[in-house]
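Chemist: start.txt is reproduced in full below (compact mmCIF, C-alpha atoms).
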# COMPACT_ATOMS: atom_id res chain seq x y z
CA MET L 1 59.03 -42.29 32.96
CA GLY L 2 57.07 -44.15 35.64
CA GLY L 3 57.37 -47.83 36.48
CA ALA L 4 59.67 -50.01 34.42
CA ALA L 5 57.82 -52.20 32.00
CA ALA L 6 58.23 -55.94 32.18
CA ALA L 7 60.84 -57.15 29.70
CA PRO L 8 58.99 -58.25 26.58
CA ALA L 9 58.70 -62.00 26.51
CA LEU L 10 59.71 -63.83 23.36
CA LEU L 11 56.61 -64.00 21.23
CA SER L 12 55.64 -67.57 20.55
CA THR L 13 55.81 -69.09 17.10
CA ALA L 14 52.04 -68.62 17.08
CA LEU L 15 52.79 -65.04 15.99
CA ALA L 16 53.86 -66.54 12.69
CA GLY L 17 50.57 -68.39 12.35
CA ASP L 18 49.74 -65.89 9.65
CA ALA L 19 53.17 -65.48 8.11
CA GLY L 20 52.04 -62.33 6.34
CA TRP L 21 51.08 -60.50 9.54
CA LYS L 22 52.80 -57.17 9.98
CA MET L 23 52.35 -54.82 12.91
CA GLN L 24 51.29 -51.33 11.85
CA LEU L 25 51.43 -48.46 14.34
CA SER L 26 49.15 -45.47 14.71
CA THR L 27 48.28 -43.15 17.55
CA SER L 28 45.46 -40.75 18.39
CA SER L 29 45.46 -37.00 17.90
CA ILE L 30 44.11 -36.55 21.44
CA GLN L 31 47.65 -37.24 22.68
CA PHE L 32 48.49 -33.77 21.32
CA SER L 33 45.16 -32.05 21.87
CA THR L 34 46.80 -28.78 22.98
CA LEU L 35 48.31 -28.41 19.49
CA PRO L 36 46.51 -27.40 16.29
CA VAL L 37 45.68 -30.37 14.09
CA GLU L 38 48.53 -29.54 11.69
CA LYS L 39 51.09 -29.60 14.50
CA ALA L 40 49.59 -32.78 15.96
CA CYS L 41 49.99 -34.52 12.59
CA GLN L 42 53.55 -33.25 12.32
CA ARG L 43 54.42 -34.59 15.78
CA ILE L 44 52.87 -37.99 15.17
CA ALA L 45 54.57 -38.34 11.79
CA SER L 46 57.94 -37.29 13.23
CA LEU L 47 57.65 -40.12 15.76
CA GLY L 48 57.40 -42.65 12.97
CA PHE L 49 53.75 -43.60 13.31
CA GLU L 50 52.13 -44.70 10.07
CA ALA L 51 48.61 -43.44 10.71
CA ILE L 52 46.47 -41.20 12.90
CA ASP L 53 43.14 -41.44 14.69
CA PHE L 54 41.46 -38.01 14.90
CA TRP L 55 39.45 -37.02 18.00
CA PRO L 56 36.63 -34.51 18.57
CA THR L 57 35.94 -32.05 21.35
CA GLY L 58 34.58 -33.64 24.52
CA PRO L 59 34.83 -33.41 28.31
CA VAL L 60 38.11 -32.00 29.65
CA GLY L 61 40.81 -34.67 29.38
CA TYR L 62 38.77 -36.84 27.02
CA GLY L 63 38.51 -34.82 23.85
CA CYS L 64 40.31 -32.43 21.56
CA PRO L 65 39.38 -29.95 18.82
CA HIS L 66 40.93 -31.70 15.84
CA LEU L 67 37.82 -33.05 14.14
CA GLU L 68 36.18 -29.66 14.51
CA GLU L 69 39.28 -27.95 13.08
CA ILE L 70 39.16 -30.31 10.11
CA ASP L 71 35.46 -29.60 9.66
CA LYS L 72 35.76 -25.81 9.90
CA ARG L 73 39.15 -25.08 8.33
CA LEU L 74 40.44 -27.94 6.22
CA GLY L 75 37.59 -29.94 4.78
CA SER L 76 38.20 -33.17 2.94
CA VAL L 77 40.70 -31.77 0.44
CA GLY L 78 42.69 -29.93 3.10
CA LEU L 79 42.83 -33.02 5.28
CA GLN L 80 44.01 -35.19 2.41
CA GLU L 81 46.75 -32.66 1.70
CA LEU L 82 47.72 -32.56 5.38
CA LEU L 83 47.96 -36.36 5.56
CA ALA L 84 49.94 -36.52 2.33
CA LYS L 85 52.33 -33.80 3.48
CA ASN L 86 53.10 -35.79 6.63
CA ARG L 87 53.00 -39.18 4.91
CA LEU L 88 50.30 -40.33 7.29
CA LYS L 89 47.38 -42.64 6.58
CA LEU L 90 43.99 -42.32 8.21
CA CYS L 91 43.55 -44.86 11.01
CA ALA L 92 40.11 -43.75 12.20
CA LEU L 93 37.81 -40.92 13.18
CA THR L 94 36.76 -41.20 16.81
CA CYS L 95 33.16 -40.04 16.99
CA TYR L 96 32.51 -40.19 20.71
CA PHE L 97 30.49 -37.17 21.93
CA VAL L 98 29.55 -36.03 18.41
CA GLY L 99 28.25 -39.18 16.70
CA TYR L 100 29.25 -40.91 13.47
CA PRO L 101 26.51 -39.34 11.28
CA LYS L 102 28.11 -35.90 11.66
CA TYR L 103 31.33 -37.14 10.05
CA ALA L 104 30.05 -39.92 7.78
CA LYS L 105 30.32 -37.82 4.62
CA LEU L 106 33.83 -36.63 5.53
CA LEU L 107 34.97 -40.20 6.12
CA GLY L 108 33.47 -41.25 2.83
CA SER L 109 35.21 -38.44 0.97
CA LEU L 110 38.50 -39.74 2.34
CA GLY L 111 37.85 -43.11 0.75
CA GLY L 112 35.97 -44.61 3.67
CA GLY L 113 37.42 -46.04 6.85
CA VAL L 114 36.78 -46.72 10.53
CA ALA L 115 34.61 -44.62 12.84
CA VAL L 116 34.97 -45.38 16.56
CA ARG L 117 31.88 -44.98 18.74
CA ASP L 118 30.45 -46.20 22.05
CA SER L 119 27.92 -48.97 22.67
CA ARG L 120 25.49 -47.70 25.30
CA PRO L 121 25.87 -47.04 29.04
CA GLY L 122 24.57 -49.31 31.76
CA ASN L 123 25.24 -52.97 32.46
CA PRO L 124 22.73 -55.21 30.68
CA VAL L 125 20.03 -57.06 32.59
CA ASN L 126 19.10 -59.31 29.64
CA LEU L 127 22.26 -59.39 27.53
CA ARG L 128 21.03 -60.90 24.28
CA VAL L 129 17.79 -58.93 24.21
CA GLU L 130 19.66 -55.68 24.81
CA MET L 131 22.37 -56.59 22.30
CA LYS L 132 19.70 -57.23 19.67
CA ASP L 133 18.13 -53.86 20.45
CA PHE L 134 21.51 -52.15 20.19
CA PHE L 135 22.11 -53.57 16.71
CA GLU L 136 18.59 -52.60 15.70
CA ARG L 137 19.22 -49.00 16.73
CA LEU L 138 22.45 -48.97 14.71
CA LYS L 139 20.65 -49.63 11.42
CA PRO L 140 20.59 -45.97 10.27
CA GLU L 141 24.33 -45.69 10.91
CA VAL L 142 24.98 -48.96 9.10
CA GLU L 143 23.12 -47.54 6.09
CA LEU L 144 25.40 -44.49 6.20
CA ALA L 145 28.43 -46.75 6.54
CA GLU L 146 27.33 -48.66 3.45
CA LYS L 147 26.86 -45.40 1.55
CA TYR L 148 30.26 -44.05 2.55
CA ASP L 149 32.21 -47.33 2.53
CA SER L 150 32.96 -47.11 6.23
CA TYR L 151 32.95 -49.29 9.34
CA LEU L 152 31.64 -48.76 12.87
CA ALA L 153 34.05 -49.85 15.60
CA ILE L 154 32.20 -50.17 18.92
CA GLU L 155 34.42 -49.56 21.93
CA ASN L 156 34.08 -51.61 25.09
CA HIS L 157 33.81 -49.75 28.38
CA GLY L 158 33.06 -50.29 32.04
CA ASN L 159 29.39 -50.11 33.05
CA ALA L 160 28.24 -50.49 29.46
CA LEU L 161 26.68 -53.03 27.14
CA LEU L 162 30.06 -54.27 25.88
CA ALA L 163 31.76 -54.89 29.22
CA SER L 164 32.09 -58.66 29.74
CA HIS L 165 33.41 -61.68 27.90
CA ASP L 166 29.83 -62.92 27.50
CA ALA L 167 28.94 -59.59 25.90
CA PHE L 168 31.73 -59.94 23.34
CA GLN L 169 30.56 -63.45 22.56
CA ALA L 170 26.98 -62.27 22.10
CA PHE L 171 28.19 -59.34 19.97
CA VAL L 172 30.09 -61.62 17.60
CA GLU L 173 27.27 -64.15 17.31
CA MET L 174 24.50 -61.59 16.81
CA ASN L 175 26.30 -58.97 14.71
CA PRO L 176 24.11 -58.49 11.61
CA SER L 177 26.53 -56.49 9.47
CA ARG L 178 30.07 -56.66 8.14
CA ARG L 179 30.13 -52.90 8.72
CA ILE L 180 30.06 -53.35 12.52
CA GLY L 181 32.99 -54.47 14.65
CA VAL L 182 34.85 -53.82 17.89
CA ALA L 183 37.28 -51.14 19.04
CA LEU L 184 39.07 -53.03 21.80
CA ALA L 185 40.31 -51.13 24.86
CA PRO L 186 42.42 -53.38 27.14
CA TRP L 187 42.33 -50.72 29.89
CA HIS L 188 38.67 -51.52 30.55
CA LEU L 189 39.20 -55.28 30.23
CA GLN L 190 42.03 -55.28 32.75
CA ALA L 191 39.99 -53.12 35.11
CA ALA L 192 37.31 -55.84 35.08
CA GLY L 193 39.77 -58.74 35.31
CA ILE L 194 39.01 -59.96 31.77
CA SER L 195 41.73 -61.58 29.65
CA VAL L 196 42.74 -59.33 26.76
CA THR L 197 44.04 -62.23 24.68
CA ASP L 198 40.87 -64.27 25.20
CA VAL L 199 38.72 -61.38 23.99
CA ILE L 200 40.93 -60.84 20.94
CA ALA L 201 40.45 -64.50 20.06
CA THR L 202 36.70 -64.25 20.59
CA VAL L 203 36.27 -61.11 18.50
CA GLY L 204 38.52 -62.39 15.70
CA LYS L 205 37.79 -60.87 12.29
CA GLN L 206 35.33 -58.42 13.86
CA LEU L 207 38.19 -56.49 15.49
CA PHE L 208 38.38 -53.11 13.71
CA PHE L 209 40.53 -51.05 16.12
CA PHE L 210 43.01 -51.93 18.88
CA TYR L 211 44.16 -49.59 21.65
CA ALA L 212 47.57 -50.53 23.06
CA TRP L 213 46.44 -49.18 26.43
CA GLN L 214 46.92 -50.78 29.85
CA HIS L 215 45.07 -50.27 33.12
CA ALA L 216 47.41 -47.95 35.03
CA GLU L 217 47.84 -44.30 35.95
CA ASP L 218 49.39 -41.46 34.01
CA LEU L 219 52.18 -42.47 31.58
CA ASN L 220 52.04 -46.04 32.87
CA GLN L 221 48.99 -46.49 30.66
CA LEU L 222 51.36 -46.77 27.69
CA PRO L 223 53.06 -50.00 26.55
CA GLY L 224 56.71 -50.12 27.54
CA ILE L 225 56.22 -47.74 30.45
CA GLY L 226 53.58 -49.47 32.58
CA PRO L 227 53.98 -53.01 33.95
CA THR L 228 52.00 -55.06 31.39
CA ASP L 229 53.92 -57.38 29.07
CA CYS L 230 52.15 -56.58 25.80
CA SER L 231 53.81 -59.36 23.80
CA PRO L 232 50.85 -61.74 24.27
CA TRP L 233 48.56 -59.06 22.84
CA LEU L 234 50.60 -59.02 19.63
CA THR L 235 50.63 -62.80 19.52
CA ALA L 236 46.84 -62.83 19.78
CA LEU L 237 46.49 -60.15 17.09
CA ALA L 238 48.71 -62.15 14.76
CA LYS L 239 46.71 -65.32 15.34
CA ILE L 240 43.56 -63.62 14.04
CA GLY L 241 45.43 -61.88 11.23
CA TYR L 242 44.45 -58.43 12.53
CA PRO L 243 44.80 -56.16 9.47
CA ARG L 244 44.62 -52.70 11.03
CA TYR L 245 46.66 -50.57 13.40
CA VAL L 246 48.05 -51.09 16.90
CA ASN L 247 47.35 -47.75 18.56
CA PRO L 248 49.34 -46.75 21.70
CA PHE L 249 46.97 -44.65 23.79
CA MET L 250 46.40 -42.93 27.11
CA HIS L 251 44.09 -40.40 28.75
CA HIS L 252 45.06 -37.27 30.69
CA HIS L 253 48.09 -36.72 28.50
CA PRO L 254 51.02 -34.47 29.54
CA GLN L 255 52.39 -31.55 27.57
CA PRO L 256 53.64 -32.25 24.02
CA GLU L 257 57.35 -32.75 24.73
CA LYS L 258 56.76 -35.25 27.50
CA MET L 259 54.01 -36.93 25.50
CA ALA L 260 56.28 -37.32 22.48
CA ALA L 261 59.04 -38.88 24.57
CA ALA L 262 56.57 -41.32 26.15
CA LEU L 263 55.13 -42.32 22.77
CA ALA L 264 58.65 -42.87 21.43
CA THR L 265 59.32 -45.25 24.32
CA SER L 266 56.06 -47.04 23.65
CA ARG L 267 56.75 -47.25 19.90
CA ASP L 268 60.20 -48.75 20.47
CA TYR L 269 58.88 -51.23 23.02
CA LEU L 270 56.16 -52.52 20.69
CA LYS L 271 58.64 -52.84 17.84
CA LYS L 272 60.98 -54.80 20.12
CA CYS L 273 58.14 -57.14 21.06
CA TYR L 274 57.30 -57.63 17.39
CA GLU L 275 60.86 -58.01 16.13
CA LYS L 276 61.54 -60.86 18.55
CA ALA L 277 59.15 -62.88 16.42
CA LEU L 278 60.71 -62.04 13.07
CA PRO L 279 63.01 -65.08 12.85
CA ASP L 280 60.01 -67.37 13.30
CA MET L 281 57.99 -65.39 10.77
CA THR L 282 60.81 -65.62 8.23
CA LYS L 283 61.10 -69.37 8.65
CA SER L 284 57.40 -69.92 8.14
CA SER L 285 56.97 -67.59 5.14
For the structure just supplied, provide its representation as structure tokens.
Modeler:
Amino acid sequence: MGGAAAAPALLSTALAGDAGWKMQLSTSSIQFSTLPVEKACQRIASLGFEAIDFWPTGPVGYGCPHLEEIDKRLGSVGLQELLAKNRLKLCALTCYFVGYPKYAKLLGSLGGGVAVRDSRPGNPVNLRVEMKDFFERLKPEVELAEKYDSYLAIENHGNALLASHDAFQAFVEMNPSRRIGVALAPWHLQAAGISVTDVIATVGKQLFFFYAWQHAEDLNQLPGIGPTDCSPWLTALAKIGYPRYVNPFMHHHPQPEKMAAALATSRDYLKKCYEKALPDMTKSS
């Protein structure tokens, strides 16, 4: 399945810095966007993932109809039944293309949770001024998040406000609300030559979503298939006590059977990376 991944290095004892840290795995429904939402949930659950991130319709290759299917056919009650049937938890609703306000009430009816959205396109000329303006413009969404007990995870991207280490630092320092945090995409960091582990450390408790996603082509985007040793990412997540899901991810996904096999490889690889640290975690707990 593409290039052989680097053998996972032994995670340092730093992984046990928070002895209670446990890796939780989710993946995104876009990986099975050619399937109805019910079948996508079934596939993801059968692969042993604990939770799911639902995606909306968007440009070809970057979206899927699952949020719309939930909205039109299932509703809140139907979605809760679907999740319960498959023993899945809700990881997030990705609201790219459609906006968080459209799905704020749905997320609230599910008990609240994380909504992933973009920052804004274009590299900043005056970083702190533009960051302040970005947070100001988010105020209506923050009010909705307060109302529906939810959180806004802002994804980093190339050629965008959140696209440099300085931008992450400014984000963390200027963030006015506990309802706002980061959805961290290593693909874009690696593309810009930015250290993934350094950014994890910088973002700290404001990290709300983590894509296990490397800068490569096709299936090599996934951990355990592409060349990146993802062990240091887990070490960094443990150091900050990251409480949410590690989410293997890729764009331009293949057909379901091939996708499922690739995700199984990625799942096993991440577990192997994590389990290498278990003796140290046991000693320190």
Chemist: Kindly extract all protein, DNA and RNA residues lying within 12 Å of the coordinates (23.0, -47.0, 5.4) given in the file, considering all atoms listed in the file, and supply them as a PDB file with C-alpha atoms, keeping the file's coordinate frame.
Modeler:
ATOM      1  CA  TYR L 100      29.250 -40.910  13.470  1.00  0.00           C
ATOM      2  CA  PRO L 101      26.510 -39.340  11.280  1.00  0.00           C
ATOM      3  CA  ALA L 104      30.050 -39.920   7.780  1.00  0.00           C
ATOM      4  CA  LYS L 105      30.320 -37.820   4.620  1.00  0.00           C
ATOM      5  CA  LEU L 138      22.450 -48.970  14.710  1.00  0.00           C
ATOM      6  CA  LYS L 139      20.650 -49.630  11.420  1.00  0.00           C
ATOM      7  CA  PRO L 140      20.590 -45.970  10.270  1.00  0.00           C
ATOM      8  CA  GLU L 141      24.330 -45.690  10.910  1.00  0.00           C
ATOM      9  CA  VAL L 142      24.980 -48.960   9.100  1.00  0.00           C
ATOM     10  CA  GLU L 143      23.120 -47.540   6.090  1.00  0.00           C
ATOM     11  CA  LEU L 144      25.400 -44.490   6.200  1.00  0.00           C
ATOM     12  CA  ALA L 145      28.430 -46.750   6.540  1.00  0.00           C
ATOM     13  CA  GLU L 146      27.330 -48.660   3.450  1.00  0.00           C
ATOM     14  CA  LYS L 147      26.860 -45.400   1.550  1.00  0.00           C
ATOM     15  CA  TYR L 148      30.260 -44.050   2.550  1.00  0.00           C
ATOM     16  CA  ASP L 149      32.210 -47.330   2.530  1.00  0.00           C
ATOM     17  CA  SER L 150      32.960 -47.110   6.230  1.00  0.00           C
ATOM     18  CA  TYR L 151      32.950 -49.290   9.340  1.00  0.00           C
ATOM     19  CA  LEU L 152      31.640 -48.760  12.870  1.00  0.00           C
ATOM     20  CA  SER L 177      26.530 -56.490   9.470  1.00  0.00           C
ATOM     21  CA  ARG L 179      30.130 -52.900   8.720  1.00  0.00           C
ATOM     22  CA  ILE L 180      30.060 -53.350  12.520  1.00  0.00           C
TER      23      ILE L 180
END
Chemist: With distances taken over only C-alpha atoms, which residue among L:Cys41, L:Ala264, L:Leu207, L:Leu47 lies nearest L:Pro243?
Modeler: L:Leu207
Chemist: Quick one: residues within 12 Å of stretch 222-225 of chain L, all atoms listed in the file counted, chain neighbours fewer than 4 positions away excluded, as an mmCIF file with C-alpha atoms, in the frame of the given file?
Modeler:
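part-v3.cif written:
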data_model
loop_
_atom_site.group_PDB
_atom_site.id
_atom_site.type_symbol
_atom_site.label_atom_id
_atom_site.label_comp_id
_atom_site.auth_asym_id
_atom_site.auth_seq_id
_atom_site.Cartn_x
_atom_site.Cartn_y
_atom_site.Cartn_z
ATOM 1 C CA MET L 1 59.030 -42.290 32.960
ATOM 2 C CA GLY L 2 57.070 -44.150 35.640
ATOM 3 C CA GLY L 3 57.370 -47.830 36.480
ATOM 4 C CA ALA L 4 59.670 -50.010 34.420
ATOM 5 C CA ALA L 5 57.820 -52.200 32.000
ATOM 6 C CA ALA L 6 58.230 -55.940 32.180
ATOM 7 C CA ALA L 7 60.840 -57.150 29.700
ATOM 8 C CA PRO L 8 58.990 -58.250 26.580
ATOM 9 C CA THR L 27 48.280 -43.150 17.550
ATOM 10 C CA GLN L 31 47.650 -37.240 22.680
ATOM 11 C CA PRO L 186 42.420 -53.380 27.140
ATOM 12 C CA TRP L 187 42.330 -50.720 29.890
ATOM 13 C CA TYR L 211 44.160 -49.590 21.650
ATOM 14 C CA ALA L 212 47.570 -50.530 23.060
ATOM 15 C CA TRP L 213 46.440 -49.180 26.430
ATOM 16 C CA GLN L 214 46.920 -50.780 29.850
ATOM 17 C CA HIS L 215 45.070 -50.270 33.120
ATOM 18 C CA ALA L 216 47.410 -47.950 35.030
ATOM 19 C CA GLU L 217 47.840 -44.300 35.950
ATOM 20 C CA ASP L 218 49.390 -41.460 34.010
ATOM 21 C CA ASP L 229 53.920 -57.380 29.070
ATOM 22 C CA CYS L 230 52.150 -56.580 25.800
ATOM 23 C CA SER L 231 53.810 -59.360 23.800
ATOM 24 C CA TRP L 233 48.560 -59.060 22.840
ATOM 25 C CA LEU L 234 50.600 -59.020 19.630
ATOM 26 C CA VAL L 246 48.050 -51.090 16.900
ATOM 27 C CA ASN L 247 47.350 -47.750 18.560
ATOM 28 C CA PRO L 248 49.340 -46.750 21.700
ATOM 29 C CA PHE L 249 46.970 -44.650 23.790
ATOM 30 C CA MET L 250 46.400 -42.930 27.110
ATOM 31 C CA HIS L 251 44.090 -40.400 28.750
ATOM 32 C CA HIS L 252 45.060 -37.270 30.690
ATOM 33 C CA HIS L 253 48.090 -36.720 28.500
ATOM 34 C CA MET L 259 54.010 -36.930 25.500
ATOM 35 C CA ALA L 260 56.280 -37.320 22.480
ATOM 36 C CA ALA L 261 59.040 -38.880 24.570
ATOM 37 C CA ALA L 262 56.570 -41.320 26.150
ATOM 38 C CA LEU L 263 55.130 -42.320 22.770
ATOM 39 C CA ALA L 264 58.650 -42.870 21.430
ATOM 40 C CA THR L 265 59.320 -45.250 24.320
ATOM 41 C CA SER L 266 56.060 -47.040 23.650
ATOM 42 C CA ARG L 267 56.750 -47.250 19.900
ATOM 43 C CA ASP L 268 60.200 -48.750 20.470
ATOM 44 C CA TYR L 269 58.880 -51.230 23.020
ATOM 45 C CA LEU L 270 56.160 -52.520 20.690
ATOM 46 C CA LYS L 271 58.640 -52.840 17.840
ATOM 47 C CA LYS L 272 60.980 -54.800 20.120
ATOM 48 C CA CYS L 273 58.140 -57.140 21.060
#
Chemist: Smallest atom-to-atom distance to L:Ala92: which of L:Gly193, L:Pro56, L:Gly63, L:Pro256, using only C-alpha atoms?
Modeler: L:Pro56
Chemist: Of the residues L:Val98, L:Leu161, L:Val203, L:Thr34, which is the one nearest to L:Asn126, using only C-alpha atoms?
Modeler: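 Looking only at the distances to L:Asn126, the closest residue turns out to be L:Leu161.
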Chemist: Around (45.9, -34.5, 17.0) in the file's own coordinates, what residues are found within 10 Å if you use all atoms listed in the file, given back as a list in words?
Modeler: Thr27, Ser28, Ser29, Ile30, Gln31, Phe32, Ser33, Thr34, Leu35, Pro36, Val37, Glu38, Lys39, Ala40, Cys41, Gln42, Arg43, Ile44, Ile52, Asp53, Phe54, Trp55, Pro56, Cys64, Pro65, His66 and Leu67 of chain L
Chemist: Between L:Met131, L:Arg244, L:Lys102, L:Gly122, single out the one closest to L:Glu173, counting all atoms listed in the file.
Modeler: L:Met131
Chemist: Using only C-alpha atoms for the distances, tell me which of L:Glu50, L:Glu155, L:Asp71, L:Glu81 is nearest to L:Tyr96.
Modeler: L:Glu155
Chemist: Using all atoms listed in the file, pick whichever of L:Ser46, L:Ser195, L:Gln24, L:Asn86 has the shortest atom-to-atom distance to L:Phe168.
Modeler: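 The closest residue to L:Phe168 is L:Ser195.
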Chemist: Can you tell me how far atom CA of L:Gln206 sits from atom CA of L:Gly99, in Å to one decimal?
Modeler: 20.7 Å
Chemist: Work out how far apart atom CA of L:Ser109 and atom CA of L:Val77 are and give it in Å to one decimal.
Modeler: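 Separating atom CA of L:Ser109 from atom CA of L:Val77 is a distance of 8.7 Å.
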Chemist: Can you measure atom CA of L:Phe135 to atom CA of L:Ala183 for me? One decimal in Å is fine.
Modeler: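 Distance between the two atoms: 15.5 Å.
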